[in-house]
$ cat upload.txt   # compact mmCIF, C-alpha atoms and all ligand atoms
# COMPACT_ATOMS: atom_id res chain seq x y z
CA MET A 1 -26.98 9.84 2.14
CA SER A 2 -23.59 10.15 0.52
CA LYS A 3 -22.37 10.30 -3.02
CA ALA A 4 -19.09 8.99 -4.37
CA ALA A 5 -16.88 10.60 -6.98
CA GLU A 6 -14.10 9.38 -9.21
CA ILE A 7 -10.75 11.00 -8.49
CA ASP A 8 -8.69 11.66 -11.58
CA ILE A 9 -5.06 12.67 -11.10
CA VAL A 10 -3.59 13.92 -14.36
CA SER A 11 0.20 14.38 -14.77
CA VAL A 12 0.56 15.77 -11.26
CA SER A 13 3.92 16.83 -9.86
CA LYS A 14 4.93 18.37 -6.54
CA VAL A 15 8.19 20.24 -6.22
CA TYR A 16 9.46 21.67 -2.92
CA GLY A 17 12.47 23.85 -3.78
CA ALA A 18 15.07 21.41 -5.09
CA THR A 19 13.08 18.29 -4.10
CA THR A 20 10.68 16.65 -6.51
CA ALA A 21 8.35 14.83 -4.11
CA VAL A 22 5.87 13.64 -6.77
CA GLU A 23 6.88 13.28 -10.40
CA ASP A 24 4.25 13.39 -13.13
CA ILE A 25 1.83 10.82 -11.75
CA SER A 26 -1.46 9.93 -13.38
CA LEU A 27 -4.07 7.80 -11.66
CA LYS A 28 -7.82 7.22 -11.87
CA ILE A 29 -9.50 6.12 -8.65
CA PRO A 30 -13.01 4.92 -9.57
CA ALA A 31 -15.96 6.23 -7.50
CA GLY A 32 -16.59 4.18 -4.37
CA THR A 33 -13.12 2.60 -4.33
CA TYR A 34 -11.09 1.90 -1.21
CA CYS A 35 -7.68 3.02 -2.47
CA CYS A 36 -4.43 2.67 -0.51
CA LEU A 37 -1.38 4.73 -1.40
CA LEU A 38 1.44 2.46 -0.29
CA GLY A 39 5.17 2.99 -0.17
CA PRO A 40 8.22 3.60 1.99
CA SER A 41 8.85 6.81 3.90
CA GLY A 42 9.52 9.76 1.60
CA CYS A 43 8.04 8.20 -1.56
CA GLY A 44 5.51 11.03 -1.97
CA LYS A 45 2.27 9.45 -0.75
CA THR A 46 1.42 12.14 1.82
CA SER A 47 2.17 14.89 -0.69
CA THR A 48 -0.16 13.18 -3.16
CA LEU A 49 -2.94 12.92 -0.58
CA ARG A 50 -2.49 16.53 0.50
CA MET A 51 -2.70 17.69 -3.12
CA ILE A 52 -6.00 15.80 -3.53
CA ALA A 53 -7.25 17.44 -0.32
CA GLY A 54 -6.07 20.91 -1.28
CA HIS A 55 -3.76 21.24 1.73
CA GLU A 56 -0.80 21.40 -0.62
CA SER A 57 -0.59 23.30 -3.89
CA ILE A 58 -0.13 21.32 -7.11
CA SER A 59 3.11 22.28 -8.91
CA SER A 60 1.86 21.01 -12.28
CA GLY A 61 -1.00 18.87 -13.56
CA ASP A 62 -4.62 18.64 -12.47
CA VAL A 63 -6.83 16.86 -9.97
CA ARG A 64 -10.44 16.24 -10.90
CA LEU A 65 -13.18 15.09 -8.54
CA GLY A 66 -16.11 13.78 -10.53
CA ASN A 67 -16.54 16.34 -13.30
CA VAL A 68 -14.96 19.22 -11.40
CA VAL A 69 -11.33 20.30 -11.77
CA VAL A 70 -10.45 21.03 -8.13
CA THR A 71 -6.78 21.94 -8.70
CA ASP A 72 -7.24 25.54 -7.56
CA LEU A 73 -10.13 25.13 -5.12
CA PRO A 74 -9.64 25.48 -1.35
CA PRO A 75 -10.06 22.26 0.71
CA ALA A 76 -13.55 23.11 1.97
CA ARG A 77 -14.90 23.50 -1.58
CA ARG A 78 -13.56 20.25 -3.04
CA GLY A 79 -16.05 17.76 -1.67
CA THR A 80 -13.24 15.95 0.13
CA ALA A 81 -12.61 15.54 3.84
CA MET A 82 -9.33 14.66 5.47
CA MET A 83 -8.59 12.64 8.57
CA PHE A 84 -5.17 13.37 9.98
CA GLN A 85 -2.70 10.94 11.54
CA SER A 86 -2.84 12.76 14.89
CA TYR A 87 -6.66 13.11 14.62
CA ALA A 88 -6.16 16.85 15.30
CA LEU A 89 -9.08 17.03 17.77
CA PHE A 90 -9.53 20.23 19.79
CA PRO A 91 -8.67 19.37 23.41
CA HIS A 92 -10.88 22.09 24.95
CA LEU A 93 -14.05 21.18 23.05
CA ASP A 94 -16.43 18.33 23.86
CA LEU A 95 -17.09 15.70 21.22
CA VAL A 96 -20.22 17.35 19.86
CA ASP A 97 -18.40 20.64 19.30
CA ASN A 98 -15.38 18.85 17.84
CA VAL A 99 -17.52 17.00 15.33
CA ALA A 100 -19.69 20.07 14.57
CA PHE A 101 -16.67 22.32 14.02
CA SER A 102 -16.64 22.47 10.23
CA LEU A 103 -20.40 23.16 10.16
CA LYS A 104 -19.84 26.04 12.58
CA MET A 105 -17.21 27.44 10.19
CA LYS A 106 -19.79 27.21 7.43
CA GLY A 107 -22.24 29.23 9.52
CA VAL A 108 -24.70 26.40 10.24
CA GLY A 109 -26.87 27.22 13.29
CA LYS A 110 -26.17 25.62 16.64
CA ALA A 111 -29.24 23.38 16.92
CA GLU A 112 -28.80 22.02 13.41
CA ARG A 113 -25.07 21.40 13.68
CA HIS A 114 -25.41 19.74 17.09
CA ALA A 115 -28.12 17.43 15.76
CA LYS A 116 -25.97 16.47 12.79
CA ALA A 117 -22.92 15.98 15.04
CA LEU A 118 -24.93 13.64 17.27
CA ASP A 119 -26.02 11.69 14.20
CA MET A 120 -22.40 11.29 13.13
CA LEU A 121 -21.36 10.26 16.65
CA LYS A 122 -24.17 7.73 16.58
CA LEU A 123 -22.93 6.37 13.25
CA MET A 124 -19.54 5.86 14.88
CA GLN A 125 -21.16 4.41 18.05
CA MET A 126 -19.81 7.29 20.11
CA ASP A 127 -23.08 9.08 20.99
CA GLY A 128 -22.81 7.87 24.60
CA TYR A 129 -19.66 9.98 25.02
CA ALA A 130 -20.94 13.19 23.45
CA SER A 131 -20.10 15.53 26.35
CA ARG A 132 -16.60 14.18 26.95
CA ARG A 133 -13.40 15.83 25.83
CA PRO A 134 -10.86 14.05 23.60
CA ALA A 135 -8.39 13.40 26.45
CA GLN A 136 -11.06 11.29 28.19
CA LEU A 137 -11.14 8.80 25.32
CA SER A 138 -9.03 5.81 24.25
CA GLY A 139 -7.04 5.94 21.01
CA GLY A 140 -9.65 3.94 19.12
CA GLN A 141 -12.45 6.18 20.41
CA GLN A 142 -10.53 9.31 19.38
CA GLN A 143 -10.19 7.83 15.96
CA ARG A 144 -13.93 7.29 15.69
CA VAL A 145 -14.52 10.92 16.68
CA ALA A 146 -12.01 12.09 14.07
CA LEU A 147 -13.89 10.02 11.49
CA ALA A 148 -17.22 11.50 12.59
CA ARG A 149 -15.73 14.97 12.27
CA ALA A 150 -14.42 14.28 8.76
CA LEU A 151 -17.67 12.71 7.59
CA ILE A 152 -20.00 15.44 8.87
CA THR A 153 -19.45 17.49 5.70
CA ASP A 154 -20.91 14.61 3.67
CA PRO A 155 -17.80 14.32 1.47
CA GLU A 156 -17.54 12.56 -1.87
CA ALA A 157 -14.11 11.28 -0.88
CA LEU A 158 -12.47 10.71 2.49
CA LEU A 159 -8.71 11.12 2.61
CA LEU A 160 -6.91 9.35 5.46
CA ASP A 161 -3.26 9.95 6.32
CA GLU A 162 -1.86 6.90 8.16
CA PRO A 163 -5.11 6.67 10.17
CA LEU A 164 -4.09 3.56 12.12
CA SER A 165 -0.49 4.41 12.97
CA ALA A 166 -1.22 5.78 16.47
CA LEU A 167 -3.04 2.62 17.59
CA ASP A 168 -1.61 -0.44 19.34
CA PRO A 169 -1.39 -3.61 17.20
CA PHE A 170 -4.59 -5.16 18.59
CA LEU A 171 -6.68 -2.01 18.11
CA LYS A 172 -5.11 -1.42 14.72
CA ILE A 173 -6.58 -4.67 13.42
CA ARG A 174 -9.99 -3.95 14.95
CA MET A 175 -10.16 -0.39 13.60
CA ARG A 176 -8.95 -1.62 10.22
CA ALA A 177 -12.02 -3.84 10.00
CA GLU A 178 -14.21 -0.90 11.09
CA LEU A 179 -12.77 1.38 8.40
CA LYS A 180 -13.47 -1.22 5.74
CA LYS A 181 -17.03 -1.67 6.98
CA LEU A 182 -17.59 2.08 7.12
CA GLN A 183 -16.35 2.59 3.57
CA ALA A 184 -18.57 -0.21 2.30
CA SER A 185 -21.64 1.16 4.06
CA LEU A 186 -21.07 4.81 3.02
CA GLY A 187 -20.04 3.80 -0.50
CA ILE A 188 -17.81 6.87 -0.87
CA THR A 189 -14.23 6.88 -2.19
CA PHE A 190 -11.55 6.38 0.47
CA VAL A 191 -7.90 7.22 -0.18
CA HIS A 192 -5.77 5.90 2.66
CA VAL A 193 -2.01 6.48 2.99
CA THR A 194 -0.02 3.69 4.60
CA HIS A 195 3.47 2.23 4.59
CA SER A 196 2.15 -1.20 5.64
CA GLN A 197 1.64 -3.69 2.83
CA GLU A 198 -0.39 -5.86 5.19
CA GLU A 199 -2.78 -2.97 5.91
CA ALA A 200 -3.09 -2.12 2.22
CA MET A 201 -3.81 -5.73 1.27
CA ALA A 202 -6.42 -6.07 4.01
CA LEU A 203 -8.29 -2.90 3.05
CA ALA A 204 -7.84 -1.85 -0.52
CA ASP A 205 -9.75 -2.48 -3.70
CA LEU A 206 -6.93 -0.60 -5.43
CA ILE A 207 -3.32 -0.52 -4.20
CA VAL A 208 -1.09 2.20 -5.59
CA VAL A 209 2.56 1.37 -4.89
CA MET A 210 4.73 4.49 -4.92
CA ASN A 211 8.51 4.78 -4.98
CA ASP A 212 10.61 7.89 -5.28
CA GLY A 213 7.74 10.16 -6.35
CA ARG A 214 6.42 7.80 -9.00
CA ILE A 215 3.76 5.09 -9.25
CA GLU A 216 5.31 1.63 -9.68
CA GLN A 217 2.00 -0.23 -9.94
CA ALA A 218 -1.71 0.48 -9.42
CA ALA A 219 -3.87 -2.64 -9.29
CA PRO A 220 -6.08 -4.74 -7.03
CA PRO A 221 -4.21 -6.34 -4.08
CA ARG A 222 -4.12 -9.82 -5.55
CA THR A 223 -2.65 -8.58 -8.82
CA VAL A 224 0.00 -6.54 -7.03
CA PHE A 225 0.91 -9.55 -4.90
CA GLU A 226 0.77 -12.26 -7.56
CA TRP A 227 2.08 -10.27 -10.51
CA PRO A 228 4.30 -7.51 -9.17
CA ALA A 229 5.17 -5.18 -12.03
CA THR A 230 8.66 -4.25 -10.91
CA ALA A 231 11.49 -5.51 -8.72
CA PHE A 232 10.65 -2.71 -6.28
CA VAL A 233 7.04 -3.89 -5.93
CA ALA A 234 8.08 -7.55 -5.52
CA ARG A 235 10.56 -6.62 -2.77
CA PHE A 236 8.24 -4.15 -1.06
CA MET A 237 5.23 -6.48 -1.00
CA GLY A 238 7.48 -9.23 0.38
CA ASP A 239 7.10 -13.01 0.10
CA HIS A 240 9.03 -12.98 -3.18
CA ASN A 241 12.62 -13.69 -4.12
CA VAL A 242 13.95 -11.28 -6.72
CA VAL A 243 16.75 -12.76 -8.83
CA SER A 244 18.64 -10.65 -11.40
CA GLY A 245 20.76 -11.64 -14.34
CA ARG A 246 21.50 -11.01 -18.02
CA VAL A 247 19.73 -12.63 -20.94
CA ASN A 248 21.71 -15.31 -22.68
CA GLY A 249 19.23 -16.62 -25.25
CA GLU A 250 15.95 -18.36 -25.95
CA ARG A 251 15.10 -22.06 -26.03
CA ASP A 252 11.78 -23.88 -26.06
CA GLY A 253 9.84 -20.65 -25.76
CA LEU A 254 11.71 -19.63 -22.61
CA VAL A 255 14.07 -16.72 -22.02
CA PHE A 256 17.29 -18.01 -20.40
CA PHE A 257 19.49 -15.76 -18.33
CA ASP A 258 22.70 -16.01 -16.34
CA VAL A 259 22.95 -14.96 -12.73
CA PRO A 260 26.42 -13.53 -12.03
CA GLY A 261 28.37 -16.22 -10.21
CA GLY A 262 26.43 -19.27 -11.26
CA ALA A 263 22.86 -20.18 -12.01
CA SER A 264 21.34 -20.30 -15.47
CA LEU A 265 17.64 -19.62 -15.02
CA ALA A 266 14.62 -19.40 -17.31
CA ALA A 267 11.28 -17.61 -17.46
CA SER A 268 8.55 -17.44 -20.03
CA GLY A 269 8.13 -14.04 -21.59
CA GLN A 270 8.88 -11.89 -24.58
CA ALA A 271 12.18 -12.25 -26.41
CA ARG A 272 14.90 -9.96 -25.16
CA GLU A 273 18.26 -8.92 -26.48
CA PRO A 274 21.13 -11.12 -25.33
CA GLY A 275 22.98 -9.29 -22.58
CA ALA A 276 19.87 -7.31 -21.50
CA PRO A 277 19.32 -7.14 -17.75
CA ILE A 278 16.39 -9.11 -16.41
CA ASP A 279 14.74 -9.51 -12.98
CA ILE A 280 12.39 -12.28 -12.03
CA ALA A 281 10.28 -12.79 -8.91
CA ILE A 282 9.67 -16.21 -7.38
CA ARG A 283 7.15 -16.61 -4.56
CA THR A 284 8.83 -17.91 -1.41
CA ASP A 285 5.97 -20.37 -0.84
CA HIS A 286 5.89 -21.70 -4.42
CA VAL A 287 9.22 -23.52 -4.20
CA ARG A 288 10.10 -27.18 -3.62
CA VAL A 289 13.13 -28.39 -1.69
CA GLY A 290 14.90 -31.68 -2.42
CA GLU A 291 13.62 -32.07 -5.97
CA ALA A 292 15.96 -31.80 -8.97
CA PRO A 293 14.76 -28.79 -11.03
CA ALA A 294 13.93 -28.76 -14.73
CA ALA A 295 16.39 -26.77 -16.87
CA GLY A 296 16.44 -23.16 -15.68
CA LEU A 297 13.78 -23.68 -13.00
CA GLY A 298 15.86 -23.95 -9.87
CA PHE A 299 19.37 -24.22 -8.48
CA SER A 300 21.38 -26.04 -5.83
CA GLY A 301 22.46 -24.32 -2.67
CA ILE A 302 23.43 -24.67 0.95
CA VAL A 303 20.89 -24.08 3.72
CA SER A 304 22.15 -21.14 5.78
CA ASN A 305 19.24 -20.71 8.20
CA VAL A 306 16.14 -22.58 9.39
CA GLU A 307 13.43 -20.68 11.27
CA TYR A 308 10.45 -22.45 12.80
CA ARG A 309 7.30 -20.31 12.58
CA GLY A 310 4.55 -22.65 13.70
CA ALA A 311 2.42 -23.32 10.64
CA THR A 312 5.41 -22.80 8.37
CA VAL A 313 9.20 -23.14 8.37
CA LYS A 314 11.41 -20.53 6.72
CA LEU A 315 14.67 -21.61 5.06
CA SER A 316 17.43 -19.42 3.68
CA VAL A 317 19.49 -20.95 0.91
CA ASN A 318 22.68 -19.66 -0.76
CA GLY A 319 24.27 -20.97 -3.92
CA ALA A 320 24.92 -20.51 -7.64
CA GLY A 321 25.30 -16.74 -7.19
CA ILE A 322 21.91 -16.45 -5.42
CA GLU A 323 22.09 -15.14 -1.87
CA ASP A 324 19.51 -15.47 0.86
CA PHE A 325 16.92 -17.20 -1.28
CA THR A 326 13.91 -17.59 1.01
CA VAL A 327 11.76 -20.70 1.02
CA ILE A 328 8.57 -20.98 3.07
CA LEU A 329 7.45 -24.58 3.56
CA ASP A 330 4.34 -25.65 5.40
CA ASP A 331 5.34 -27.51 8.56
CA GLU A 332 4.11 -30.88 7.24
CA SER A 333 6.28 -30.80 4.11
CA PHE A 334 9.26 -29.63 6.12
CA TYR A 335 8.98 -32.36 8.75
CA ALA A 336 8.36 -35.04 6.09
CA ARG A 337 11.89 -34.32 4.81
CA PRO A 338 13.66 -32.02 7.26
CA VAL A 339 16.85 -30.20 6.29
CA ALA A 340 19.44 -28.55 8.54
CA VAL A 341 21.87 -25.66 8.29
CA GLY A 342 24.82 -26.73 6.10
CA ASP A 343 22.86 -29.26 4.01
CA ALA A 344 23.20 -29.06 0.23
CA VAL A 345 19.72 -29.02 -1.33
CA PRO A 346 18.24 -28.67 -4.79
CA ILE A 347 15.53 -26.00 -5.10
CA ALA A 348 12.88 -26.21 -7.82
CA TRP A 349 9.89 -24.17 -9.02
CA ASP A 350 7.39 -24.23 -11.86
CA VAL A 351 7.76 -22.00 -14.90
CA GLU A 352 4.53 -20.11 -14.11
CA ASP A 353 5.99 -19.12 -10.74
CA ALA A 354 8.93 -17.26 -12.30
CA ILE A 355 7.46 -13.82 -13.04
CA ILE A 356 9.48 -11.49 -15.28
CA LEU A 357 9.51 -8.01 -13.75
CA GLY A 358 8.83 -5.04 -15.95
CA ARG A 359 11.16 -2.20 -15.27
CA LEU A 360 14.69 -3.25 -16.18
CA ASN A 361 17.49 -2.30 -13.84
CA SER A 362 20.74 -2.06 -15.71
N1 LIG A 401 7.07 20.94 2.99
C1 LIG A 401 8.11 20.30 2.43
N2 LIG A 401 9.23 20.95 2.07
C2 LIG A 401 10.27 20.32 1.49
N3 LIG A 401 10.29 19.00 1.21
C3 LIG A 401 9.22 18.28 1.55
C4 LIG A 401 8.07 18.87 2.19
N4 LIG A 401 7.14 17.91 2.41
C5 LIG A 401 7.69 16.76 1.93
N5 LIG A 401 8.93 16.97 1.43
C6 LIG A 401 9.81 15.96 0.80
O1 LIG A 401 9.11 15.35 -0.26
C7 LIG A 401 9.35 13.96 -0.30
C8 LIG A 401 8.04 13.19 -0.20
O2 LIG A 401 7.44 13.43 1.08
P1 LIG A 401 6.04 12.81 1.51
O3 LIG A 401 5.75 13.31 2.88
O4 LIG A 401 5.05 13.05 0.45
O5 LIG A 401 6.40 11.26 1.55
P2 LIG A 401 5.65 10.08 2.28
O6 LIG A 401 5.75 8.95 1.33
O7 LIG A 401 4.32 10.47 2.71
O8 LIG A 401 6.57 9.82 3.53
P3 LIG A 401 6.17 9.45 5.06
O9 LIG A 401 5.60 8.08 5.02
O10 LIG A 401 7.50 9.52 5.76
O11 LIG A 401 5.20 10.49 5.51
C9 LIG A 401 10.34 13.67 0.81
O12 LIG A 401 11.63 13.66 0.24
C10 LIG A 401 10.15 14.84 1.74
O13 LIG A 401 11.34 15.09 2.44
$ encode --input "upload.txt" --output "structure tokens" --more "lines below"
Ligand SMILES: Nc1ncnc2c1ncn2[C@@H]1O[C@H](COP(=O)(O)OP(=O)(O)OP(=O)(O)O)[C@@H](O)[C@H]1O
Amino acid sequence: MSKAAEIDIVSVSKVYGATTAVEDISLKIPAGTYCCLLGPSGCGKTSTLRMIAGHESISSGDVRLGNVVVTDLPPARRGTAMMFQSYALFPHLDLVDNVAFSLKMKGVGKAERHAKALDMLKLMQMDGYASRRPAQLSGGQQQRVALARALITDPEALLLDEPLSALDPFLKIRMRAELKKLQASLGITFVHVTHSQEEAMALADLIVVMNDGRIEQAAPPRTVFEWPATAFVARFMGDHNVVSGRVNGERDGLVFFDVPGGASLAASGQAREPGAPIDIAIRTDHVRVGEAPAAGLGFSGIVSNVEYRGATVKLSVNGAGIEDFTVILDDESFYARPVAVGDAVPIAWDVEDAIILGRLNS
């Protein structure tokens, strides 16, 4: 029943007085994609979503939906629908009237809009509650009604602002699966704002990591996780150690760099000027403990913390100018050769697990 549209964001900025909330971002979201805008509080993701929806004016640049430039169109004429964090249901209306609301605004007759609202409630498995009011529903049920209300206009793209944040952790995971299923069955474009990397990884085909009004990386979840583009992305996605230093030279096809206070490390990548700053990311679970490293592919340090986590054990190691280096070992490898706080241990990794990060911090 529905159609999907590509969303094309072209050099879009949002300025509120002296604050630049979004700075010249460009992004193509292919039709039928589940896209998550991910980033810390204040990075500009809600402003971006609201500009796509038309609830916020665009300071400069354009937004296109399919072949239509929607930059100056009101929300109701864009082919988008928005689901708000608070669900924004009308407390005094029953579910049918809540869901039918936007059709009423469009002048659709009562019988027709009620029939369509019931269809949408059925799609969300809420038709048995049609005459209730929002306060008589659980959080998850309210969310389904809010989805029904957004989808009744048959949008080309559904925009969701932190849709799971009001739910308890158990329901959050259940509704997350439902959102993913719904998007797959409708086939329309979803743009979902979240600050949870776990949520974005679970849902998205395309993760857009934002920081300080800009896009740091836009890629499928596995790419963002395995090959973070910047130190910010590596830190924000977690499960990586970010180590910084200055280039000292090249040997054997590797770039060597010095970490202030100790280690000389290496990574494979393009030649860089000696003295240039460099950041690398090393996956916390791609590290070996107790094995002497090859040149530049590890360091020696002192274990400062050991945390048992069930299937895994987390170690913190300090040494050679590297602080709080995190190592995640599976419980079997840890208990085969346990280490304790205060032990001196060599840490080693493979060259392909040292990822050079793109944006240089000087
Ligand atoms: N109406 C406004 N007037 C002035 N500044 C605003 C307004 N709305 C947002 N901002 C500012 O713009 C920046 C980006 O805000 P935005 O809400 O887009 O971020 P966000 O990433 O969605 O954050 P959160 O996760 O906290 O909602 C912030 O510095 C915020 O304070």
$ residues_near_ligand --input "upload.txt" --ligand "ligand LIG 401 (chain A)" --cutoff "9 Å" --atoms "only C-alpha atoms and all ligand atoms" --output "JSON, numbers by chain"
{"A": [14, 15, 16, 17, 18, 19, 20, 21, 22, 37, 38, 39, 40, 41, 42, 43, 44, 45, 46, 47, 48, 49, 50, 56, 161, 162, 193, 194, 195, 210, 211, 212, 213]}
$ residues_around --input "upload.txt" --residues "Leu121 of chain A" --least-positions-apart "3" --cutoff "8 Å" --atoms "all atoms listed in the file" --output "number ranges by chain"
A: 96, 99, 117-118, 124-127, 130, 145, 148
$ closest_residue --input "upload.txt" --among "A:Glu273, A:Leu123, A:Pro30, A:Ile355" --to "Lys181 of chain A" --atoms "only C-alpha atoms"
A:Leu123
$ atom_distance --input "upload.txt" --atom1 "atom CA of Leu297 of chain A" --atom2 "atom CA of Trp349 of chain A"
5.6 Å
$ atom_distance --input "upload.txt" --atom1 "atom CA of Asn305 of chain A" --atom2 "atom CA of Ala292 of chain A"
20.7 Å
$ atom_distance --input "upload.txt" --atom1 "atom CA of Ala111 of chain A" --atom2 "atom CA of Ile152 of chain A"
14.6 Å
$ residues_around --input "upload.txt" --residues "Ala146 of chain A" --least-positions-apart "4" --cutoff "8 Å" --atoms "all atoms listed in the file" --output "list in words"
Met83, Tyr87, Ala88, Leu89, Val99, Gln142 and Ala150 of chain A
$ write_last_selection --input "upload.txt" --atoms "C-alpha atoms" --output "compact mmCIF listing (two decimals), in the coordinates of the input"
# COMPACT_ATOMS: atom_id res chain seq x y z
CA MET A 83 -8.59 12.64 8.57
CA TYR A 87 -6.66 13.11 14.62
CA ALA A 88 -6.16 16.85 15.30
CA LEU A 89 -9.08 17.03 17.77
CA VAL A 99 -17.52 17.00 15.33
CA GLN A 142 -10.53 9.31 19.38
CA ALA A 150 -14.42 14.28 8.76
$ residues_around --input "upload.txt" --residues "Pro274 of chain A" --least-positions-apart "5" --cutoff "9 Å" --atoms "all atoms listed in the file" --output "VMD selection string"
chain A and resid 246 to 250 257
$ decode --input "upload.txt" --residues "segment 194-233 of chain A" --atoms "C-alpha atoms" --output "compact mmCIF listing (two decimals), in the first residue's frame"
# COMPACT_ATOMS: atom_id res chain seq x y z
CA THR A 194 18.54 7.85 19.13
CA HIS A 195 21.48 8.39 21.44
CA SER A 196 21.86 4.63 21.99
CA GLN A 197 24.49 2.93 19.86
CA GLU A 198 23.02 -0.43 20.81
CA GLU A 199 19.59 0.62 19.50
CA ALA A 200 21.09 2.00 16.29
CA MET A 201 23.10 -1.16 15.66
CA ALA A 202 20.07 -3.38 16.28
CA LEU A 203 17.79 -1.45 13.92
CA ALA A 204 19.59 0.45 11.24
CA ASP A 205 20.58 -0.32 7.69
CA LEU A 206 22.33 3.06 7.75
CA ILE A 207 23.81 4.66 10.88
CA VAL A 208 24.56 8.37 10.72
CA VAL A 209 26.86 9.35 13.60
CA MET A 210 26.57 13.05 14.41
CA ASN A 211 28.79 15.21 16.60
CA ASP A 212 28.62 18.92 17.16
CA GLY A 213 26.27 19.62 14.24
CA ARG A 214 28.23 17.58 11.73
CA ILE A 215 28.17 14.04 10.34
CA GLU A 216 31.21 12.03 11.46
CA GLN A 217 30.29 8.87 9.55
CA ALA A 218 27.31 7.48 7.61
CA ALA A 219 27.55 3.76 6.88
CA PRO A 220 25.98 0.38 7.64
CA PRO A 221 26.28 -0.67 11.32
CA ARG A 222 29.02 -3.20 10.75
CA THR A 223 31.18 -0.69 8.88
CA VAL A 224 30.70 1.94 11.58
CA PHE A 225 31.62 -0.59 14.25
CA GLU A 226 34.51 -2.33 12.49
CA TRP A 227 35.98 0.65 10.67
CA PRO A 228 35.12 3.78 12.65
CA ALA A 229 36.08 6.80 10.57
CA THR A 230 37.10 9.08 13.41
CA ALA A 231 38.26 8.95 17.03
CA PHE A 232 34.84 10.32 18.01
CA VAL A 233 33.02 7.44 16.28
